[in-house]
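Asks: See input_3.cif below, with mmCIF, C-alpha atoms.
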```cif
data_start
loop_
_atom_site.label_atom_id
_atom_site.label_comp_id
_atom_site.auth_asym_id
_atom_site.auth_seq_id
_atom_site.Cartn_x
_atom_site.Cartn_y
_atom_site.Cartn_z
CA MET A 16 1.54 -28.50 11.27
CA ASN A 17 2.18 -24.76 11.51
CA ARG A 18 5.67 -23.80 10.35
CA ILE A 19 7.39 -20.54 9.42
CA ILE A 20 9.28 -20.68 6.11
CA LYS A 21 12.74 -19.16 6.29
CA ILE A 22 13.48 -16.60 3.60
CA ASP A 23 17.02 -16.77 2.26
CA GLU A 24 18.75 -15.10 -0.67
CA LYS A 25 17.53 -17.72 -3.13
CA MET A 26 13.93 -17.24 -1.99
CA VAL A 27 14.20 -13.46 -2.48
CA LEU A 28 15.30 -14.01 -6.07
CA GLY A 29 12.45 -16.49 -6.56
CA VAL A 30 9.78 -14.17 -5.21
CA LEU A 31 10.85 -11.31 -7.48
CA SER A 32 11.41 -13.39 -10.63
CA ASN A 33 8.59 -15.93 -10.42
CA ASN A 34 5.80 -13.51 -9.48
CA PHE A 35 6.71 -10.41 -11.46
CA GLY A 36 8.86 -11.57 -14.35
CA PHE A 37 11.98 -9.67 -13.33
CA SER A 38 15.00 -11.33 -14.89
CA VAL A 39 17.74 -12.94 -12.83
CA THR A 40 21.10 -11.68 -14.06
CA GLN A 41 24.62 -12.77 -13.16
CA LEU A 42 26.90 -9.88 -12.27
CA PRO A 43 30.66 -10.12 -11.78
CA ILE A 44 31.81 -10.20 -8.16
CA VAL A 45 28.30 -10.47 -6.66
CA GLY A 46 26.56 -13.28 -8.59
CA PRO A 47 22.79 -13.52 -9.19
CA VAL A 48 20.74 -10.32 -8.96
CA ILE A 49 17.30 -9.10 -10.03
CA ARG A 50 17.29 -6.57 -12.88
CA MET A 51 14.76 -3.72 -12.60
CA HIS A 52 13.89 -0.64 -14.61
CA PRO A 53 14.95 2.44 -12.58
CA ARG A 54 11.30 3.46 -12.01
CA GLU A 55 10.47 0.07 -10.52
CA ALA A 56 13.71 0.10 -8.53
CA PHE A 57 12.78 3.46 -7.01
CA VAL A 58 9.39 2.11 -5.91
CA TYR A 59 11.08 -1.03 -4.55
CA SER A 60 13.60 1.04 -2.61
CA VAL A 61 10.96 3.32 -1.07
CA ILE A 62 8.66 0.51 0.04
CA THR A 63 11.41 -1.79 1.36
CA SER A 64 13.90 0.87 2.58
CA HIS A 65 16.61 -1.21 0.87
CA GLY A 66 19.34 1.23 -0.06
CA TYR A 67 21.35 1.98 -3.19
CA LEU A 68 25.00 1.01 -2.70
CA ASP A 69 26.79 4.34 -2.20
CA ASN A 70 30.20 4.65 -0.52
CA THR A 71 29.68 8.40 -0.01
CA GLU A 72 27.05 7.57 2.64
CA PRO A 73 28.03 6.85 6.28
CA ASP A 74 26.78 3.23 6.19
CA GLN A 75 27.48 2.62 2.48
CA LEU A 76 23.79 2.80 1.52
CA TYR A 77 21.50 5.58 0.33
CA ARG A 78 18.14 4.67 1.79
CA LEU A 79 14.74 5.96 0.82
CA THR A 80 11.83 5.26 3.17
CA ARG A 81 8.06 5.31 2.93
CA ASP A 82 7.97 7.67 5.90
CA ALA A 83 9.85 10.32 3.92
CA PHE A 84 7.00 10.57 1.40
CA ARG A 85 4.05 11.26 3.70
CA VAL A 86 1.12 13.63 3.18
CA PHE A 87 -1.43 12.99 5.96
CA ASN A 88 -1.09 11.11 9.24
CA GLN A 89 -4.64 9.86 9.71
CA ALA A 90 -7.35 8.45 7.47
CA CYS A 91 -10.34 10.66 6.60
CA GLN A 92 -8.53 13.74 7.91
CA PHE A 93 -6.49 16.44 6.18
CA GLU A 94 -3.80 17.18 8.75
CA PHE A 95 -0.54 17.57 6.84
CA GLN A 96 2.52 15.63 7.94
CA GLU A 97 6.12 16.59 7.16
CA GLY A 98 7.12 14.66 4.06
CA ILE A 99 6.24 15.48 0.47
CA PHE A 100 5.29 18.96 1.64
CA SER A 101 7.34 21.05 4.03
CA LEU A 102 5.19 22.17 6.94
CA SER A 103 7.13 25.41 7.22
CA ASP A 104 6.22 26.84 3.82
CA MET A 105 4.35 24.15 1.82
CA ARG A 106 7.14 23.79 -0.68
CA LEU A 107 7.54 20.36 -2.25
CA ALA A 108 10.24 18.78 -0.11
CA SER A 109 10.47 14.96 -0.41
CA THR A 110 9.83 14.13 -4.06
CA LEU A 111 11.50 12.01 -6.69
CA ASN A 112 12.49 15.21 -8.48
CA ASN A 113 14.46 16.35 -5.45
CA GLU A 114 15.96 12.90 -4.82
CA VAL A 115 17.30 12.79 -8.37
CA LEU A 116 18.93 16.20 -7.89
CA LYS A 117 20.80 14.75 -4.90
CA LYS A 118 21.47 11.32 -6.40
CA PRO A 119 21.22 11.42 -10.23
CA TYR A 120 21.96 7.69 -10.50
CA ILE A 121 18.44 6.93 -9.23
CA ALA A 122 17.06 7.88 -12.66
CA LYS A 123 19.82 6.44 -14.85
CA GLY A 124 20.01 2.90 -16.16
CA ASP A 125 18.74 -0.44 -14.94
CA LYS A 126 19.20 -1.31 -11.27
CA PHE A 127 20.03 -4.65 -9.70
CA VAL A 128 18.61 -5.97 -6.44
CA LEU A 129 21.22 -8.00 -4.61
CA PRO A 130 20.14 -10.13 -1.62
CA ILE A 131 23.05 -10.50 0.83
CA ARG A 132 23.26 -12.36 4.12
CA ASN A 133 23.69 -9.85 6.95
CA THR A 134 25.41 -11.33 9.99
CA GLY A 135 26.13 -8.10 11.87
CA TYR A 136 26.71 -4.41 11.24
CA LYS A 137 30.52 -4.30 11.24
CA ASP A 138 31.03 -7.33 8.99
CA PHE A 139 28.22 -6.16 6.70
CA GLN A 140 29.86 -2.75 6.29
CA LEU A 141 33.19 -4.36 5.40
CA LEU A 142 31.42 -6.57 2.86
CA LEU A 143 29.67 -3.61 1.23
CA LYS A 144 32.91 -1.64 1.02
CA ASN A 145 34.66 -4.59 -0.60
CA ILE A 146 31.86 -5.13 -3.12
CA SER A 147 31.83 -1.44 -4.05
CA LYS A 148 35.59 -1.35 -4.55
CA ARG A 149 35.73 -4.52 -6.61
CA LEU A 150 32.80 -3.49 -8.81
CA GLN A 151 34.45 -0.13 -9.54
CA GLU A 152 37.58 -1.98 -10.60
CA THR A 153 35.53 -3.91 -13.18
CA GLY A 154 33.95 -0.68 -14.52
CA PHE A 155 30.50 -1.36 -13.02
CA ASN A 156 28.75 1.49 -11.22
CA PRO A 157 28.12 0.30 -7.63
CA ASN A 158 25.25 2.81 -7.33
CA ASP A 159 23.24 0.56 -9.66
CA LEU A 160 23.01 -2.05 -6.90
CA ILE A 161 20.19 -2.04 -4.36
CA ILE A 162 21.10 -4.11 -1.34
CA CYS A 163 18.50 -6.44 0.15
CA PRO A 164 19.91 -7.55 3.52
CA VAL A 165 18.77 -11.03 4.58
CA ARG A 166 19.24 -11.75 8.24
CA LEU A 167 18.30 -15.08 9.79
CA GLY A 168 17.38 -15.45 13.44
CA GLY A 169 17.34 -18.62 15.50
CA SER A 170 13.93 -19.76 14.31
CA ALA A 171 12.88 -17.52 11.44
CA THR A 172 13.75 -14.79 9.01
CA VAL A 173 13.81 -11.33 10.54
CA GLU A 174 13.64 -7.84 9.06
CA MET A 175 11.95 -9.04 5.86
CA GLU A 176 8.47 -7.65 6.45
CA SER A 177 9.03 -4.64 4.20
CA PHE A 178 10.15 -6.98 1.40
CA PHE A 179 6.81 -8.78 1.57
CA GLU A 180 5.00 -5.44 1.76
CA TYR A 181 6.55 -4.69 -1.62
CA ALA A 182 5.85 -8.14 -3.08
CA VAL A 183 2.20 -8.29 -2.05
CA SER A 184 1.48 -4.68 -2.95
CA ARG A 185 2.94 -5.31 -6.43
CA PHE A 186 0.87 -8.51 -6.68
CA PHE A 187 -2.29 -6.44 -6.26
CA CYS A 188 -0.99 -3.70 -8.57
CA ARG A 189 -0.77 -6.31 -11.33
CA LYS A 190 -4.48 -7.00 -10.74
CA GLY A 191 -5.45 -3.36 -11.26
CA PHE A 192 -5.38 -2.03 -7.70
CA LEU A 193 -3.98 1.17 -6.27
CA THR A 194 -1.86 0.17 -3.27
CA ASP A 195 -0.20 1.75 -0.28
CA THR A 196 2.04 0.47 2.50
CA GLN A 197 2.28 1.57 6.14
CA ILE A 198 -0.93 3.42 5.47
CA PRO A 199 -2.32 6.36 7.43
CA PHE A 200 -5.31 4.98 9.30
CA PHE A 201 -7.17 5.75 12.53
CA TYR A 202 -5.66 6.58 15.91
CA GLY A 203 -6.07 3.69 18.31
CA VAL A 204 -6.61 1.16 15.53
CA GLY A 205 -3.07 0.82 14.23
CA THR A 206 -1.16 1.09 10.96
CA PRO A 207 -1.99 -1.58 8.36
CA ASP A 208 1.05 -2.84 6.47
CA ILE A 209 -0.64 -2.99 3.05
CA ALA A 210 -3.90 -1.78 1.56
CA ALA A 211 -5.21 -2.24 -1.98
CA TYR A 212 -8.07 -0.29 -3.54
CA CYS A 213 -10.05 -0.85 -6.72
CA ILE A 214 -11.79 2.46 -7.53
CA PRO A 215 -12.81 1.95 -11.18
CA LYS A 216 -13.68 5.48 -12.31
CA PHE A 217 -10.84 7.21 -10.46
CA LEU A 218 -8.18 4.73 -11.57
CA GLY A 219 -9.62 4.65 -15.08
CA THR A 220 -8.95 8.38 -15.43
CA LEU A 221 -5.34 7.93 -14.30
CA ARG A 222 -4.83 5.09 -16.80
CA GLU A 223 -6.40 7.10 -19.62
CA HIS A 224 -3.82 9.85 -19.14
CA GLY A 225 -0.83 7.54 -18.59
CA PHE A 226 -0.52 8.39 -14.91
CA LEU A 227 -1.00 4.74 -14.01
CA GLY A 228 -0.46 1.39 -15.71
CA THR A 229 -2.71 -1.56 -14.93
CA GLY A 230 -2.33 -0.63 -11.28
CA GLY A 231 0.28 0.95 -9.09
CA SER A 232 1.21 2.28 -5.70
CA LEU A 233 0.90 5.85 -4.51
CA ILE A 234 4.67 6.07 -4.99
CA ASP A 235 4.19 5.25 -8.70
CA LEU A 236 1.99 8.33 -9.02
CA MET A 237 4.93 10.62 -8.26
CA THR A 238 7.32 9.12 -10.85
CA LEU A 239 5.83 10.66 -14.00
CA SER A 240 8.02 13.75 -14.11
CA VAL A 241 11.26 11.73 -14.11
CA PHE A 242 10.32 8.56 -15.99
CA GLY A 243 7.50 9.68 -18.26
CA PRO A 244 3.98 8.30 -18.72
CA GLN A 245 3.06 4.74 -17.83
CA ALA A 246 2.12 2.18 -20.48
CA THR A 247 -1.58 2.33 -21.31
CA CYS A 248 -3.96 -0.37 -20.11
CA ASP A 249 -7.08 -1.39 -22.02
CA THR A 250 -8.53 -3.62 -19.30
CA GLU A 251 -11.68 -2.33 -17.64
CA PHE A 252 -12.29 -2.85 -13.92
CA SER A 253 -15.84 -2.58 -12.63
CA ASN A 254 -15.93 -3.81 -9.03
CA VAL A 255 -15.15 -1.57 -6.08
CA GLU A 256 -12.96 -3.43 -3.62
CA THR A 257 -10.89 -2.69 -0.52
CA ILE A 258 -8.23 -5.06 0.82
CA VAL A 259 -6.09 -4.91 3.95
CA CYS A 260 -3.04 -7.03 4.79
CA GLU A 261 -0.81 -7.47 7.82
CA VAL A 262 2.68 -8.90 7.33
CA LYS A 263 4.67 -11.13 9.67
CA THR A 264 7.84 -13.06 8.91
CA CYS A 265 8.78 -14.46 12.32
CA GLN A 266 5.45 -15.38 13.90
CA ILE A 267 2.64 -17.60 12.75
CA ALA A 268 -0.32 -15.22 13.12
CA ALA A 269 -1.18 -11.51 12.79
CA PRO A 270 -4.23 -11.10 15.06
CA GLN A 271 -4.09 -7.28 14.99
CA ILE A 272 -5.65 -7.48 11.53
CA GLU A 273 -8.95 -8.03 13.35
CA LYS A 274 -8.85 -4.36 14.39
CA TYR A 275 -8.74 -3.32 10.75
CA ILE A 276 -11.55 -5.71 9.86
CA ASP A 277 -13.67 -4.29 12.69
CA THR A 278 -13.72 -0.87 10.98
CA LYS A 279 -16.06 -2.45 8.40
CA ILE A 280 -14.14 -0.72 5.60
CA PHE A 281 -12.45 -3.69 3.97
CA SER A 282 -14.12 -6.31 1.80
CA LYS A 283 -11.13 -8.67 2.07
CA ALA A 284 -8.31 -9.20 4.54
CA TYR A 285 -5.17 -11.32 4.47
CA GLU A 286 -2.39 -12.28 6.80
CA VAL A 287 0.86 -12.22 4.82
CA ILE A 288 3.12 -14.82 6.41
CA PRO A 289 5.68 -17.10 4.74
CA CYS A 290 4.43 -20.21 6.48
CA GLU A 291 2.65 -23.52 6.23
CA LYS A 292 -0.71 -23.37 8.01
CA GLU A 293 -4.41 -23.15 7.47
CA PRO A 294 -5.81 -19.61 7.27
CA GLU A 295 -7.32 -18.14 10.41
CA THR A 296 -11.07 -17.71 10.64
CA TYR A 297 -10.76 -13.91 10.57
CA ALA A 298 -8.72 -13.54 7.33
CA GLY A 299 -7.25 -15.22 4.29
CA LEU A 300 -3.56 -16.05 3.98
CA ILE A 301 -0.86 -15.08 1.49
CA THR A 302 2.24 -17.26 1.74
CA VAL A 303 4.96 -18.63 -0.58
CA ASP A 304 5.85 -22.03 -1.97
CA ALA A 305 9.35 -23.52 -2.18
CA LYS A 306 10.14 -21.57 -5.38
CA GLY A 307 8.87 -18.23 -4.11
CA HIS A 308 5.49 -18.18 -5.86
CA LEU A 309 2.93 -16.25 -3.83
CA VAL A 310 0.12 -18.53 -2.72
CA VAL A 311 -3.23 -16.88 -1.93
CA ILE A 312 -5.69 -18.77 0.26
CA GLU A 313 -9.06 -17.08 0.67
CA SER A 314 -10.84 -16.92 4.00
CA LYS A 315 -13.59 -19.49 4.45
CA GLU A 316 -16.23 -16.85 5.08
CA PRO A 317 -16.62 -13.46 3.35
CA LEU A 318 -16.03 -10.37 5.45
CA VAL A 319 -18.96 -8.34 6.70
CA PHE A 320 -18.36 -4.72 5.74
CA SER A 321 -20.32 -1.51 5.39
CA LYS A 322 -20.65 -0.08 1.88
CA GLU A 323 -21.31 3.34 3.42
CA LYS A 324 -18.10 3.24 5.47
CA GLN A 325 -16.19 1.83 2.52
CA LYS A 326 -17.41 4.63 0.24
CA ALA A 327 -16.54 7.36 2.75
CA TYR A 328 -13.07 5.92 3.13
CA LEU A 329 -12.51 5.57 -0.64
CA ASP A 330 -13.68 9.15 -1.19
CA TRP A 331 -10.86 10.19 1.14
CA ILE A 332 -8.38 7.87 -0.62
CA GLU A 333 -9.15 9.64 -3.89
CA GLN A 334 -8.35 13.00 -2.29
CA TYR A 335 -5.22 11.57 -0.64
CA ALA A 336 -3.94 10.06 -3.90
CA LYS A 337 -4.30 13.35 -5.79
CA PHE A 338 -1.60 14.93 -3.62
CA TYR A 339 0.89 12.38 -4.95
CA LEU A 340 0.21 13.66 -8.45
CA LEU A 341 1.33 17.11 -7.33
CA ALA A 342 4.69 15.61 -6.32
CA ASN A 343 5.55 15.49 -10.04
CA LEU A 344 5.80 19.28 -10.05
CA SER A 345 8.43 21.66 -8.78
CA THR A 346 7.35 24.12 -6.09
CA GLU A 347 7.36 26.92 -8.69
CA GLU A 348 5.13 24.88 -11.00
CA LEU A 349 2.79 24.07 -8.12
CA GLU A 350 2.52 27.74 -7.23
CA ASN A 351 1.81 28.60 -10.88
CA LEU A 352 -0.88 25.93 -11.04
CA LEU A 353 -2.55 27.34 -7.93
CA THR A 354 -2.21 30.94 -9.10
CA GLU A 355 -3.93 30.11 -12.39
CA SER A 356 -6.97 29.07 -10.32
CA SER A 357 -6.76 32.14 -8.04
CA PHE A 358 -5.23 30.26 -5.09
CA ALA A 359 -2.03 30.81 -3.13
CA LEU A 360 0.58 28.31 -1.97
CA SER A 361 -0.68 27.80 1.56
CA PHE A 362 -2.22 25.02 3.68
CA TYR A 363 -5.67 26.51 3.44
CA ASP A 364 -5.68 27.24 -0.29
CA LEU A 365 -4.03 23.97 -1.28
CA LEU A 366 -6.65 21.98 0.61
CA ARG A 367 -9.50 24.05 -0.86
CA PHE A 368 -8.10 23.60 -4.37
CA MET A 369 -7.58 19.85 -4.04
CA LYS A 370 -10.90 19.10 -2.37
CA HIS A 371 -12.87 20.70 -5.17
CA ILE A 372 -10.91 19.75 -8.29
CA SER A 373 -11.74 16.46 -10.01
CA VAL A 374 -8.95 14.05 -10.83
CA GLN A 375 -9.82 14.50 -14.53
CA LYS A 376 -9.27 18.26 -14.34
CA LEU A 377 -6.20 17.91 -12.12
CA VAL A 378 -4.33 15.61 -14.50
CA THR A 379 -5.15 17.84 -17.48
CA GLN A 380 -3.73 20.83 -15.56
CA ILE A 381 -0.59 18.92 -14.57
CA GLU A 382 0.05 17.48 -18.04
CA PRO A 383 1.36 20.68 -19.67
CA PHE A 384 4.05 21.04 -16.99
CA LEU A 385 5.09 17.42 -17.49
CA LYS A 386 5.12 17.61 -21.27
CA ARG A 387 7.38 20.67 -21.16
CA ARG A 388 9.75 18.83 -18.84
CA TRP A 389 9.78 15.68 -21.00
CA LYS A 390 10.49 17.80 -24.10
CA ASN A 391 13.42 19.52 -22.38
CA VAL A 392 14.82 16.17 -21.24
CA LYS A 393 14.65 14.76 -24.79
CA ASN A 394 16.37 17.86 -26.15
#
```
Would you give me this structure, written as structure tokens?
Replies:
Amino acid sequence: MNRIIKIDEKMVLGVLSNNFGFSVTQLPIVGPVIRMHPREAFVYSVITSHGYLDNTEPDQLYRLTRDAFRVFNQACQFEFQEGIFSLSDMRLASTLNNEVLKKPYIAKGDKFVLPIRNTGYKDFQLLLKNISKRLQETGFNPNDLIICPVRLGGSATVEMESFFEYAVSRFFCRKGFLTDTQIPFFYGVGTPDIAAYCIPKFLGTLREHGFLGTGGSLIDLMTLSVFGPQATCDTEFSNVETIVCEVKTCQIAAPQIEKYIDTKIFSKAYEVIPCEKEPETYAGLITVDAKGHLVVIESKEPLVFSKEKQKAYLDWIEQYAKFYLLANLSTEELENLLTESSFALSFYDLLRFMKHISVQKLVTQIEPFLKRRWKNVKN
């Protein structure tokens, strides 16, 4: 029998604690929450759009979104989109560095993800105001809370797709993949919710220099300047792999994933649906059990894909990912880096520079800027 599994506050806690080892902590006033390092909390907030509790904001939340940190708008193309770079002058616009200047609490201290039932905008706003006030009275900084709104419809959980984008992308990160959500793809094909890439040599270089742990998302790549290098990983990964996922939380199938499969780029595909059912013939299934453990059911037949198309796509992914490394710099540092190689800060020169520099050389050129910043922070 096919059945959607409703996701409530308890299930949110279970997914985050049972799959990723985040601790469940009891906080005064609000009860059980998930504790996260501020780097992880930033990534969580960007992927889910779940906001930091902040009563200086119009709706009590300071929200980050994946859309704010864009580079390109289509796969295998180099057409800049407003986001990390400003299209007016190519300065670095949306970066973690700039977010921390606006909201310093993003970088300070552990954060706590609080799932709350959302029954409507007005009542939810009153609840958030009350929580913020009462936490301040106890001496707790409300900005350390990230609010995960859980809203139940008549037959299923709604507005939780981004939560599962985070959970499944982190699942693949733990297995050594580079992941992205709401990925730039091809016009007319759609926008896959999650993609995961195993590119052994490229990712190995990032791990060697502490730019990546076992795995990570593109958003992780832009956190070095604020949070420092990632923990080193000794595991070697040898198989090239490309995975695509489509997430649904209120319907039993995600047939649009067939469009992504038809590109012949991906070696695996999964529907991500909290449900009880057999996987479809066209993809595997990622669901959850009663305690929130992710359950992965492989498709019965392997996907037919083209190694040539996969390689061309991954070559572009490598170029795309390198731009997220630049987001660790200030605009002045980026201009200095380009000037040292006889380039200017412009669309044309930045593309020329990035297309021809290896990731090995790029990280070694970025490292001195980061080390100076880390030294100044420690002092």
Asks: I'd like the residues picked by the PyMOL selection byres ((chain A and resi 86) around 12) written out as a ChimeraX atom specification, using the chain letters and numbers from the file.
Replies: /A:81-85,87-90,92-102,105,107-110,198-199,233-234,332,334-342,362,366
Asks: Enumerate, as a VMD selection string, the residues matched when the PyMOL selection byres ((chain A and resi 39-48) around 7) is run on the file above.
Replies: chain A and resid 32 37 to 38 49 to 50 127 to 129 150
Asks: Using only C-alpha atoms, which residue out of A:Leu236, A:Ile20, A:Ile214, A:Leu160 lies closest to Lys292 of chain A?
Replies: A:Ile20
Asks: In Å, rounded to a single decimal, give me how far atom CA of Leu227 of chain A is from atom CA of Cys248 of chain A.
Replies: 8.5 Å
Asks: Can you list, as a PyMOL selection string, the residues that the PyMOL selection byres ((chain A and resi 380-392) around 9) selects here?
Replies: chain A and resi 224+239-243+340-341+343-344+348-349+352+375-379+393-394
Asks: May I have the residues from that selection written out with C-alpha atoms, as a short mmCIF file (atom, residue, chain, number, x, y, z; two decimals), in the frame of the given file?
Replies:
```
data_model
loop_
_atom_site.label_atom_id
_atom_site.label_comp_id
_atom_site.auth_asym_id
_atom_site.auth_seq_id
_atom_site.Cartn_x
_atom_site.Cartn_y
_atom_site.Cartn_z
CA HIS A 224 -3.82 9.85 -19.14
CA LEU A 239 5.83 10.66 -14.00
CA SER A 240 8.02 13.75 -14.11
CA VAL A 241 11.26 11.73 -14.11
CA PHE A 242 10.32 8.56 -15.99
CA GLY A 243 7.50 9.68 -18.26
CA LEU A 340 0.21 13.66 -8.45
CA LEU A 341 1.33 17.11 -7.33
CA ASN A 343 5.55 15.49 -10.04
CA LEU A 344 5.80 19.28 -10.05
CA GLU A 348 5.13 24.88 -11.00
CA LEU A 349 2.79 24.07 -8.12
CA LEU A 352 -0.88 25.93 -11.04
CA GLN A 375 -9.82 14.50 -14.53
CA LYS A 376 -9.27 18.26 -14.34
CA LEU A 377 -6.20 17.91 -12.12
CA VAL A 378 -4.33 15.61 -14.50
CA THR A 379 -5.15 17.84 -17.48
CA LYS A 393 14.65 14.76 -24.79
CA ASN A 394 16.37 17.86 -26.15
#
```
Asks: Using all atoms listed in the file, tabulate the residues of segment 27-65 of chain A lying at most 9 Å from any atom of segment 297-317 of chain A, each with its closest atom pair and that distance in Å to one decimal, by chain and increasing residue number, as a tab-separated table.
Replies:
```
residue	atom	partner	partner_atom	distance
A:Val27	CA	A:Gly307	CA	7.3
A:Leu28	CA	A:Gly307	CA	7.9
A:Gly29	CA	A:Gly307	CA	4.7
A:Val30	CA	A:Gly307	CA	4.3
A:Leu31	CA	A:Gly307	CA	7.9
A:Ser32	CA	A:Gly307	CA	8.5
A:Asn33	CA	A:His308	CA	6.0
A:Asn34	CA	A:His308	CA	5.9
```
Asks: Report, in Å to a single decimal, how far apart atom CA of Arg132 of chain A and atom CA of Glu174 of chain A are.
Replies: 11.7 Å
Asks: Do a neighbour search on Ser282 of chain A at 10 Å with only C-alpha atoms, toss out local chain neighbours closer than 6 positions, and write the hits as a ChimeraX atom specification.
Replies: /A:255-259,276,317-322,325
Asks: Here is a test: counting all atoms listed in the file, which residue of A:Tyr363, A:Phe35, A:Phe281, A:Trp331 is nearest to Cys188 of chain A?
Replies: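 Checking each of A:Tyr363, A:Phe35, A:Phe281, A:Trp331 against Cys188 of chain A, counting all atoms listed in the file, the winner is A:Phe35.
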Asks: One decimal, Å: what's the distance from atom CA of Lys126 of chain A over to atom CA of Met51 of chain A, could you say?
Replies: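 We find that atom CA of Lys126 of chain A and atom CA of Met51 of chain A lie 5.2 Å from each other.
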Asks: Can you complete the atoms of segment 204-222 of chain A to N, CA and C atoms and list them as a PDB file, keeping the file's coordinate frame?
Replies:
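Output contents, as saved in part-v9.pdb:
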```pdb
ATOM      1  N   VAL A 204      -6.337   2.383  16.286  1.00  0.00           N
ATOM      2  CA  VAL A 204      -6.610   1.160  15.530  1.00  0.00           C
ATOM      3  C   VAL A 204      -5.310   0.511  15.054  1.00  0.00           C
ATOM      4  N   GLY A 205      -4.343   1.339  14.697  1.00  0.00           N
ATOM      5  CA  GLY A 205      -3.070   0.820  14.230  1.00  0.00           C
ATOM      6  C   GLY A 205      -2.727   1.277  12.825  1.00  0.00           C
ATOM      7  N   THR A 206      -1.653   0.733  12.287  1.00  0.00           N
ATOM      8  CA  THR A 206      -1.160   1.090  10.960  1.00  0.00           C
ATOM      9  C   THR A 206      -1.082  -0.167  10.102  1.00  0.00           C
ATOM     10  N   PRO A 207      -2.060  -0.401   9.227  1.00  0.00           N
ATOM     11  CA  PRO A 207      -1.990  -1.580   8.360  1.00  0.00           C
ATOM     12  C   PRO A 207      -0.738  -1.565   7.480  1.00  0.00           C
ATOM     13  N   ASP A 208      -0.167  -2.742   7.275  1.00  0.00           N
ATOM     14  CA  ASP A 208       1.050  -2.840   6.470  1.00  0.00           C
ATOM     15  C   ASP A 208       0.783  -2.593   4.987  1.00  0.00           C
ATOM     16  N   ILE A 209      -0.326  -3.109   4.477  1.00  0.00           N
ATOM     17  CA  ILE A 209      -0.640  -2.990   3.050  1.00  0.00           C
ATOM     18  C   ILE A 209      -2.137  -2.765   2.896  1.00  0.00           C
ATOM     19  N   ALA A 210      -2.508  -1.897   1.972  1.00  0.00           N
ATOM     20  CA  ALA A 210      -3.900  -1.780   1.560  1.00  0.00           C
ATOM     21  C   ALA A 210      -3.947  -1.715   0.042  1.00  0.00           C
ATOM     22  N   ALA A 211      -5.023  -2.250  -0.522  1.00  0.00           N
ATOM     23  CA  ALA A 211      -5.210  -2.240  -1.980  1.00  0.00           C
ATOM     24  C   ALA A 211      -6.631  -1.797  -2.275  1.00  0.00           C
ATOM     25  N   TYR A 212      -6.781  -0.889  -3.251  1.00  0.00           N
ATOM     26  CA  TYR A 212      -8.070  -0.290  -3.540  1.00  0.00           C
ATOM     27  C   TYR A 212      -8.371  -0.413  -5.038  1.00  0.00           C
ATOM     28  N   CYS A 213      -9.556  -0.902  -5.348  1.00  0.00           N
ATOM     29  CA  CYS A 213     -10.050  -0.850  -6.720  1.00  0.00           C
ATOM     30  C   CYS A 213     -11.149   0.198  -6.759  1.00  0.00           C
ATOM     31  N   ILE A 214     -10.846   1.336  -7.403  1.00  0.00           N
ATOM     32  CA  ILE A 214     -11.790   2.460  -7.530  1.00  0.00           C
ATOM     33  C   ILE A 214     -11.927   2.711  -9.033  1.00  0.00           C
ATOM     34  N   PRO A 215     -12.819   2.008  -9.710  1.00  0.00           N
ATOM     35  CA  PRO A 215     -12.810   1.950 -11.180  1.00  0.00           C
ATOM     36  C   PRO A 215     -12.751   3.291 -11.888  1.00  0.00           C
ATOM     37  N   LYS A 216     -13.639   4.218 -11.568  1.00  0.00           N
ATOM     38  CA  LYS A 216     -13.680   5.480 -12.310  1.00  0.00           C
ATOM     39  C   LYS A 216     -12.425   6.311 -12.063  1.00  0.00           C
ATOM     40  N   PHE A 217     -12.014   6.424 -10.820  1.00  0.00           N
ATOM     41  CA  PHE A 217     -10.840   7.210 -10.460  1.00  0.00           C
ATOM     42  C   PHE A 217      -9.587   6.649 -11.131  1.00  0.00           C
ATOM     43  N   LEU A 218      -9.372   5.340 -10.994  1.00  0.00           N
ATOM     44  CA  LEU A 218      -8.180   4.730 -11.570  1.00  0.00           C
ATOM     45  C   LEU A 218      -8.261   4.709 -13.093  1.00  0.00           C
ATOM     46  N   GLY A 219      -9.467   4.608 -13.635  1.00  0.00           N
ATOM     47  CA  GLY A 219      -9.620   4.650 -15.080  1.00  0.00           C
ATOM     48  C   GLY A 219      -9.136   5.966 -15.663  1.00  0.00           C
ATOM     49  N   THR A 220      -9.419   7.066 -14.972  1.00  0.00           N
ATOM     50  CA  THR A 220      -8.950   8.380 -15.430  1.00  0.00           C
ATOM     51  C   THR A 220      -7.425   8.442 -15.424  1.00  0.00           C
ATOM     52  N   LEU A 221      -6.800   7.919 -14.372  1.00  0.00           N
ATOM     53  CA  LEU A 221      -5.340   7.930 -14.300  1.00  0.00           C
ATOM     54  C   LEU A 221      -4.736   7.077 -15.412  1.00  0.00           C
ATOM     55  N   ARG A 222      -5.345   5.939 -15.714  1.00  0.00           N
ATOM     56  CA  ARG A 222      -4.830   5.090 -16.800  1.00  0.00           C
ATOM     57  C   ARG A 222      -4.981   5.782 -18.146  1.00  0.00           C
TER      58      ARG A 222
END
```
